[in-house]
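Enquirer: Contents of my_file15.cif (mmCIF, C-alpha atoms and all ligand atoms) are given next:
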```
data_data
loop_
_atom_site.label_atom_id
_atom_site.label_comp_id
_atom_site.auth_asym_id
_atom_site.auth_seq_id
_atom_site.Cartn_x
_atom_site.Cartn_y
_atom_site.Cartn_z
CA MET A 274 104.34 89.17 109.09
CA SER A 275 105.78 86.95 106.46
CA LEU A 276 103.31 85.77 103.88
CA SER A 277 104.56 83.28 101.34
CA THR A 278 103.38 83.26 97.74
CA LYS A 279 103.32 79.47 98.28
CA LEU A 280 99.81 80.05 99.64
CA LEU A 281 98.61 81.17 96.20
CA PRO A 282 97.33 77.80 94.98
CA SER A 283 95.19 77.48 98.14
CA LEU A 284 94.01 81.08 97.86
CA VAL A 285 93.02 80.71 94.20
CA GLU A 286 91.25 77.40 94.90
CA ALA A 287 89.34 78.89 97.83
CA ILE A 288 88.21 81.83 95.68
CA ALA A 289 87.15 79.52 92.84
CA ASN A 290 85.19 77.35 95.30
CA THR A 291 83.33 80.16 97.01
CA ILE A 292 82.28 81.73 93.68
CA GLU A 293 81.19 78.33 92.36
CA SER A 294 79.15 77.56 95.52
CA ASN A 295 77.42 80.94 95.39
CA ALA A 296 77.10 81.23 91.60
CA GLU A 297 73.34 80.82 91.44
CA GLU A 298 72.66 83.30 94.20
CA VAL A 299 74.95 85.95 92.66
CA THR A 300 73.55 85.41 89.18
CA ALA A 301 70.06 86.00 90.57
CA LEU A 302 71.30 89.26 92.12
CA ASP A 303 72.82 90.45 88.82
CA GLN A 304 69.68 89.39 86.93
CA ALA A 305 67.51 91.48 89.24
CA ILE A 306 69.29 94.79 88.56
CA GLY A 307 71.97 94.05 85.93
CA ASP A 308 72.34 91.73 82.94
CA GLY A 309 73.10 88.51 84.84
CA ASP A 310 76.60 87.91 83.50
CA HIS A 311 78.69 88.90 86.53
CA VAL A 312 79.52 85.37 87.74
CA PHE A 313 80.26 84.25 84.19
CA ASN A 314 82.67 87.18 83.73
CA LEU A 315 84.34 86.55 87.06
CA GLN A 316 84.66 82.80 86.52
CA ARG A 317 86.47 83.39 83.22
CA GLY A 318 89.08 85.36 85.18
CA ILE A 319 89.23 82.85 88.02
CA ASP A 320 89.59 79.90 85.61
CA ALA A 321 92.61 81.65 84.07
CA LEU A 322 94.09 82.14 87.55
CA VAL A 323 93.51 78.47 88.39
CA GLN A 324 95.60 77.59 85.30
CA GLN A 325 98.37 79.90 86.53
CA LYS A 326 98.27 79.05 90.22
CA ASP A 327 101.47 77.01 90.38
CA ASP A 328 103.38 79.61 88.34
CA LEU A 329 102.12 82.36 90.64
CA ALA A 330 103.55 80.51 93.65
CA GLN A 331 107.05 80.91 92.17
CA LEU A 332 106.85 84.72 91.94
CA ASP A 333 107.30 87.56 94.43
CA TRP A 334 104.22 89.52 95.58
CA VAL A 335 104.79 92.50 93.24
CA SER A 336 104.87 90.20 90.20
CA VAL A 337 101.98 88.10 91.52
CA LEU A 338 99.71 91.13 91.90
CA GLN A 339 100.70 92.46 88.47
CA LYS A 340 100.09 89.09 86.78
CA ILE A 341 96.71 88.62 88.48
CA GLY A 342 95.64 92.13 87.44
CA MET A 343 96.71 91.67 83.81
CA THR A 344 95.06 88.24 83.66
CA LEU A 345 91.75 89.55 85.01
CA MET A 346 91.81 92.49 82.58
CA SER A 347 92.47 90.31 79.57
CA THR A 348 90.10 87.42 80.37
CA MET A 349 87.11 88.98 82.13
CA GLY A 350 84.47 90.96 80.33
CA GLY A 351 82.12 93.49 81.87
CA ALA A 352 82.70 96.54 84.00
CA SER A 353 84.01 94.32 86.77
CA GLY A 354 86.92 92.97 84.65
CA SER A 355 88.67 96.29 84.25
CA LEU A 356 87.86 97.27 87.84
CA PHE A 357 89.20 94.08 89.49
CA GLY A 358 92.17 94.23 87.08
CA THR A 359 92.87 97.82 88.09
CA LEU A 360 92.69 96.86 91.77
CA PHE A 361 95.50 94.31 91.43
CA VAL A 362 97.73 96.25 89.00
CA SER A 363 97.56 99.29 91.25
CA MET A 364 98.31 97.16 94.35
CA SER A 365 101.33 95.76 92.52
CA LYS A 366 102.68 99.26 91.89
CA ALA A 367 102.10 100.24 95.51
CA ALA A 368 103.80 97.04 96.74
CA ARG A 369 107.14 97.84 95.07
CA ASP A 370 110.03 98.03 97.54
CA GLN A 371 107.68 97.44 100.47
CA GLU A 372 108.28 95.02 103.29
CA LEU A 373 105.02 93.21 103.96
CA ASN A 374 103.33 94.01 107.27
CA LEU A 375 99.81 95.05 108.31
CA GLN A 376 100.50 98.77 107.81
CA SER A 377 102.14 98.36 104.42
CA PHE A 378 99.39 95.99 103.30
CA ALA A 379 96.74 98.48 104.46
CA ASN A 380 98.48 101.17 102.35
CA ILE A 381 98.84 98.87 99.33
CA PHE A 382 95.19 97.81 99.48
CA SER A 383 94.00 101.39 99.98
CA GLN A 384 95.98 102.47 96.92
CA GLY A 385 94.31 99.72 94.89
CA VAL A 386 90.85 100.79 96.08
CA GLU A 387 91.65 104.43 95.26
CA SER A 388 92.46 103.38 91.68
CA VAL A 389 89.15 101.48 91.40
CA LYS A 390 87.33 104.65 92.49
CA GLN A 391 89.13 106.68 89.83
CA ARG A 392 88.71 104.10 87.11
CA GLY A 393 84.96 103.70 87.73
CA LYS A 394 84.41 107.36 88.70
CA ALA A 395 82.55 106.03 91.72
CA ASP A 396 82.69 106.07 95.48
CA VAL A 397 81.10 104.42 98.48
CA GLY A 398 77.28 104.71 98.59
CA GLU A 399 76.69 104.04 94.87
CA LYS A 400 75.78 100.34 95.25
CA THR A 401 78.94 98.76 93.82
CA MET A 402 81.92 96.64 94.87
CA LEU A 403 83.28 99.85 96.44
CA ASP A 404 80.74 99.46 99.26
CA VAL A 405 82.79 96.45 100.37
CA LEU A 406 86.27 97.57 99.25
CA VAL A 407 86.20 100.99 100.93
CA PRO A 408 85.12 99.84 104.43
CA VAL A 409 87.61 96.96 104.26
CA ALA A 410 90.43 99.39 103.35
CA SER A 411 89.42 101.70 106.22
CA TYR A 412 89.24 98.78 108.63
CA LEU A 413 92.77 97.67 107.61
CA GLN A 414 94.11 101.21 108.14
CA ASP A 415 92.40 101.50 111.53
CA SER A 416 93.64 98.10 112.73
CA ALA A 417 97.20 98.84 111.60
CA ALA A 418 97.09 102.19 113.45
CA ALA A 419 95.76 100.47 116.59
CA SER A 420 98.18 97.51 116.24
CA VAL A 421 95.34 94.96 116.26
CA GLU A 422 96.70 91.40 116.22
CA LEU A 423 96.54 89.61 112.86
CA PRO A 424 94.18 86.81 114.01
CA ASP A 425 91.67 89.44 115.16
CA VAL A 426 92.06 91.42 111.94
CA LEU A 427 91.31 88.31 109.87
CA GLU A 428 88.21 87.51 111.92
CA ASN A 429 86.85 91.07 111.99
CA ILE A 430 87.49 91.82 108.34
CA LYS A 431 84.88 89.21 107.39
CA SER A 432 82.17 91.03 109.37
CA VAL A 433 83.23 94.34 107.83
CA ALA A 434 82.88 92.85 104.34
CA VAL A 435 79.47 91.32 105.16
CA SER A 436 78.18 94.65 106.55
CA GLY A 437 79.41 96.32 103.36
CA VAL A 438 77.37 93.95 101.19
CA GLU A 439 74.28 94.44 103.35
CA SER A 440 74.66 98.23 103.08
CA THR A 441 74.10 98.01 99.31
CA ARG A 442 70.57 96.63 99.76
CA ASP A 443 68.88 99.95 100.45
CA MET A 444 71.04 102.03 98.12
CA VAL A 445 69.96 103.40 94.76
CA ALA A 446 72.49 102.44 92.08
CA THR A 447 74.09 105.47 90.43
CA LYS A 448 76.92 103.69 88.56
CA GLY A 449 77.11 100.83 86.10
CA ARG A 450 74.25 99.03 84.37
CA ALA A 451 72.09 98.95 87.51
CA SER A 452 71.90 102.76 87.46
CA TYR A 453 69.48 102.57 84.50
CA LEU A 454 66.89 101.16 86.93
CA GLY A 455 67.33 103.98 89.46
CA GLU A 456 64.95 103.70 92.43
CA ARG A 457 63.95 100.18 91.38
CA THR A 458 67.38 98.93 92.49
CA LYS A 459 66.36 99.48 96.12
CA GLY A 460 65.86 96.22 98.00
CA HIS A 461 68.47 94.29 95.99
CA ILE A 462 72.07 93.53 96.98
CA ASP A 463 74.74 94.46 94.41
CA ALA A 464 76.29 91.42 92.71
CA GLY A 465 79.83 92.86 92.51
CA ALA A 466 79.74 93.79 96.20
CA LYS A 467 78.65 90.21 96.98
CA THR A 468 81.45 88.51 95.01
CA THR A 469 83.99 90.95 96.48
CA GLN A 470 82.81 89.98 99.99
CA LEU A 471 82.89 86.26 99.17
CA MET A 472 86.47 86.53 97.89
CA ILE A 473 87.66 88.58 100.87
CA CYS A 474 86.09 86.06 103.28
CA ALA A 475 87.69 83.14 101.41
CA ILE A 476 91.12 84.81 101.57
CA ALA A 477 90.70 85.52 105.30
CA ASP A 478 89.72 81.86 105.92
CA VAL A 479 92.84 80.55 104.14
CA LEU A 480 95.10 82.99 106.00
CA GLN A 481 93.47 82.05 109.33
CA ALA A 482 94.09 78.38 108.63
CA ASN A 483 97.75 79.14 107.85
CA LEU A 484 98.61 81.47 110.72
CA PRO A 485 101.97 80.67 112.28
CA GLN A 486 101.39 78.71 115.51
P1 LIG B 501 78.57 94.65 83.59
O1 LIG B 501 77.88 95.59 84.52
O2 LIG B 501 79.36 95.36 82.54
O3 LIG B 501 77.65 93.58 83.07
P2 LIG B 501 79.57 92.79 85.60
O4 LIG B 501 78.19 92.25 85.62
O5 LIG B 501 80.68 91.83 85.46
O6 LIG B 501 79.70 93.92 84.47
O7 LIG B 501 79.86 93.60 86.92
C1 LIG B 501 78.87 94.40 87.53
C2 LIG B 501 79.42 94.88 88.86
O8 LIG B 501 80.49 95.82 88.66
C3 LIG B 501 78.39 95.64 89.65
O9 LIG B 501 77.64 94.75 90.43
C4 LIG B 501 79.22 96.61 90.50
O10 LIG B 501 79.60 96.04 91.74
C5 LIG B 501 80.47 96.79 89.67
N1 LIG B 501 80.52 98.11 89.05
C6 LIG B 501 79.89 98.51 87.92
N2 LIG B 501 80.20 99.80 87.64
C7 LIG B 501 81.06 100.21 88.60
C8 LIG B 501 81.77 101.44 88.88
N3 LIG B 501 81.67 102.50 88.09
N4 LIG B 501 82.57 101.46 89.97
C9 LIG B 501 82.71 100.38 90.76
N5 LIG B 501 82.07 99.22 90.56
C10 LIG B 501 81.26 99.13 89.50
MG MG B 502 76.58 92.22 84.37
#
```
When written as structure tokens, how does the structure in this file appear?
Expert:
Amino acid sequence: MSLSTKLLPSLVEAIANTIESNAEEVTALDQAIGDGDHVFNLQRGIDALVQQKDDLAQLDWVSVLQKIGMTLMSTMGGASGSLFGTLFVSMSKAARDQELNLQSFANIFSQGVESVKQRGKADVGEKTMLDVLVPVASYLQDSAAASVELPDVLENIKSVAVSGVESTRDMVATKGRASYLGERTKGHIDAGAKTTQLMICAIADVLQANLPQ
């Protein structure tokens, strides 16, 4: 699997577009059980990445992941800024000296998700972005172990991410701002899980459209 950093401008644009198109819906989710600023926080980070997209395309993956992580940490506010930042910085560390293939990417992504868990002292089942990140990491590990073909991985990963978001609906939030509402968070989808799913689906769409023939 060779994946060029030349795809970065398209990836960043696709992420910016999906967050923009779903901004109202996600803001409503964060208003229901949080403080309503999640999309605003995220868009600050994405806007900074849009500015950098052509520079990113000149770098190798280790540097790209590091730069994205640092940019998100320094431009985004909120709990999600340090968590998304941690995800990318940790993936950058794990990507050092690695040849890119499905198994190495599964390991790199899993390492990033592990760091998010540690940083937020949270795990799956607490109604956060981890309810999307953890199942996606497990799915990547399982498909690498079973040698699933890349086109199938890209298609299936979208359903895994969507199921992850849906799973947050009936959970009681025990981390972050939403945890102050306790039982009253039941019945609402978590905003950070939703944006994580939207971004994963946008990335999968771009990669599907750029698969080698
Ligand atoms: P804030 O909660 O500080 O206003 P945002 O609104 O930007 O920050 O982000 C909220 C999202 O961050 C939540 O929807 C949830 O997905 C995620 N989140 C909050 N706390 C944690 C945590 N400890 N671990 C993982 N994700 C978290
Ligand atoms: Mg918020």
Enquirer: Do you know which residues are at most 12 Å from A:Lys390 counting only C-alpha atoms, after dropping those on the same chain fewer than 3 positions away, and could you put them as a VMD selection string?
Expert: chain A and resid 355 to 357 359 to 360 363 383 to 387 393 to 399 401 to 404 406 to 407 448
Enquirer: Report as CSV: every residue of chain A with an atom at most 10 Å from ligand LIG 501 (chain B), its closest pair of atoms, and their distance in Å to one decimal, counting only C-alpha atoms and all ligand atoms, with rows sorted by chain and ascending residue number.
Expert:
```
residue,atom,partner,partner_atom,distance
A:Val299,CA,B:LIG501,O9,9.5
A:Thr300,CA,B:LIG501,O4,9.0
A:Leu302,CA,B:LIG501,O9,8.6
A:Asp303,CA,B:LIG501,O4,6.5
A:Gln304,CA,B:LIG501,O4,9.1
A:Ile306,CA,B:LIG501,O9,8.6
A:Gly307,CA,B:LIG501,O1,6.3
A:Asp308,CA,B:LIG501,O3,5.6
A:Gly309,CA,B:LIG501,O4,6.4
A:Asp310,CA,B:LIG501,O4,5.1
A:His311,CA,B:LIG501,O4,3.5
A:Val312,CA,B:LIG501,O5,6.9
A:Phe313,CA,B:LIG501,O5,7.7
A:Asn314,CA,B:LIG501,O5,5.3
A:Leu315,CA,B:LIG501,O5,6.6
A:Gln316,CA,B:LIG501,O5,9.9
A:Met349,CA,B:LIG501,O5,7.8
A:Gly350,CA,B:LIG501,O5,6.4
A:Gly351,CA,B:LIG501,O2,3.4
A:Ala352,CA,B:LIG501,O2,3.8
A:Ser353,CA,B:LIG501,O7,4.2
A:Gly354,CA,B:LIG501,O5,6.4
A:Ser355,CA,B:LIG501,O5,9.2
A:Leu356,CA,B:LIG501,C9,6.7
A:Phe357,CA,B:LIG501,N5,8.9
A:Val386,CA,B:LIG501,C9,9.7
A:Val389,CA,B:LIG501,C9,6.6
A:Lys390,CA,B:LIG501,N4,6.3
A:Gln391,CA,B:LIG501,N4,8.4
A:Arg392,CA,B:LIG501,N4,7.3
A:Gly393,CA,B:LIG501,N3,3.5
A:Lys394,CA,B:LIG501,N3,5.6
A:Ala395,CA,B:LIG501,N4,4.9
A:Asp396,CA,B:LIG501,N4,7.2
A:Val397,CA,B:LIG501,C9,8.9
A:Glu399,CA,B:LIG501,N4,8.1
A:Lys400,CA,B:LIG501,O10,6.7
A:Thr401,CA,B:LIG501,O10,3.5
A:Met402,CA,B:LIG501,O10,3.9
A:Leu403,CA,B:LIG501,C9,5.7
A:Asp404,CA,B:LIG501,O10,8.3
A:Val405,CA,B:LIG501,O10,9.2
A:Leu406,CA,B:LIG501,C9,9.6
A:Val438,CA,B:LIG501,O10,9.9
A:Thr441,CA,B:LIG501,O10,9.6
A:Ala446,CA,B:LIG501,C4,9.0
A:Thr447,CA,B:LIG501,N3,8.5
A:Lys448,CA,B:LIG501,N3,4.9
A:Gly449,CA,B:LIG501,N2,3.6
A:Arg450,CA,B:LIG501,O1,5.0
A:Ala451,CA,B:LIG501,O1,7.3
A:Ser452,CA,B:LIG501,N2,8.8
A:Ile462,CA,B:LIG501,O9,8.7
A:Asp463,CA,B:LIG501,O9,4.9
A:Ala464,CA,B:LIG501,O9,4.3
A:Gly465,CA,B:LIG501,O10,3.3
A:Ala466,CA,B:LIG501,O10,5.0
A:Lys467,CA,B:LIG501,O10,7.9
A:Thr468,CA,B:LIG501,O10,8.4
A:Thr469,CA,B:LIG501,O10,8.2
```
Enquirer: Could you pull out every residue with an atom within 12 Å of (92.8, 83.2, 102.8), file coordinates, counting only C-alpha atoms, and send them as an MDAnalysis selection string?
Expert: chainID A and resid 276:278 280:288 291 424 427:428 430:431 471:484
Enquirer: Report, as AutoDock Vina command-line options, the centre and edge lengths in Å (one decimal) of the axis-aligned box enclosing every listed atom of stretch 412-421 of chain A, padded by 8 Å on each side.
Expert:
```
--center_x 93.7 --center_y 98.6 --center_z 112.1 --size_x 24.9 --size_y 23.2 --size_z 25.0
```
Enquirer: Interatomic distance between atom CA of A:Glu372 and atom CA of A:Leu423?
Expert: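 Atom CA of A:Leu423 lies 16.1 Å from atom CA of A:Glu372.
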Enquirer: Show me, as a ChimeraX atom specification, the residues that have an atom within 12 Å of A:Ser416 when counting only C-alpha atoms, minus same-chain residues fewer than 4 positions from it.
Expert: /A:374-380,409-412,420-430
Enquirer: Any idea what the distance is between atom CA of A:Asn295 and atom CA of A:Arg457?
Expert: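 Distance between the two atoms: 23.8 Å.
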Enquirer: For a test of reading the model, state the distance in Å between atom CA of A:Lys326 and atom CA of A:Lys279, rounded to one decimal.
Expert: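 Atom CA of A:Lys279 lies at a distance of 9.5 Å from atom CA of A:Lys326.
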Enquirer: Between A:Asp327, A:Asp415, A:Ala321, A:Gln371, single out the one closest to A:Thr348, counting all atoms listed in the file.
Expert: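 Closest candidate: A:Ala321.
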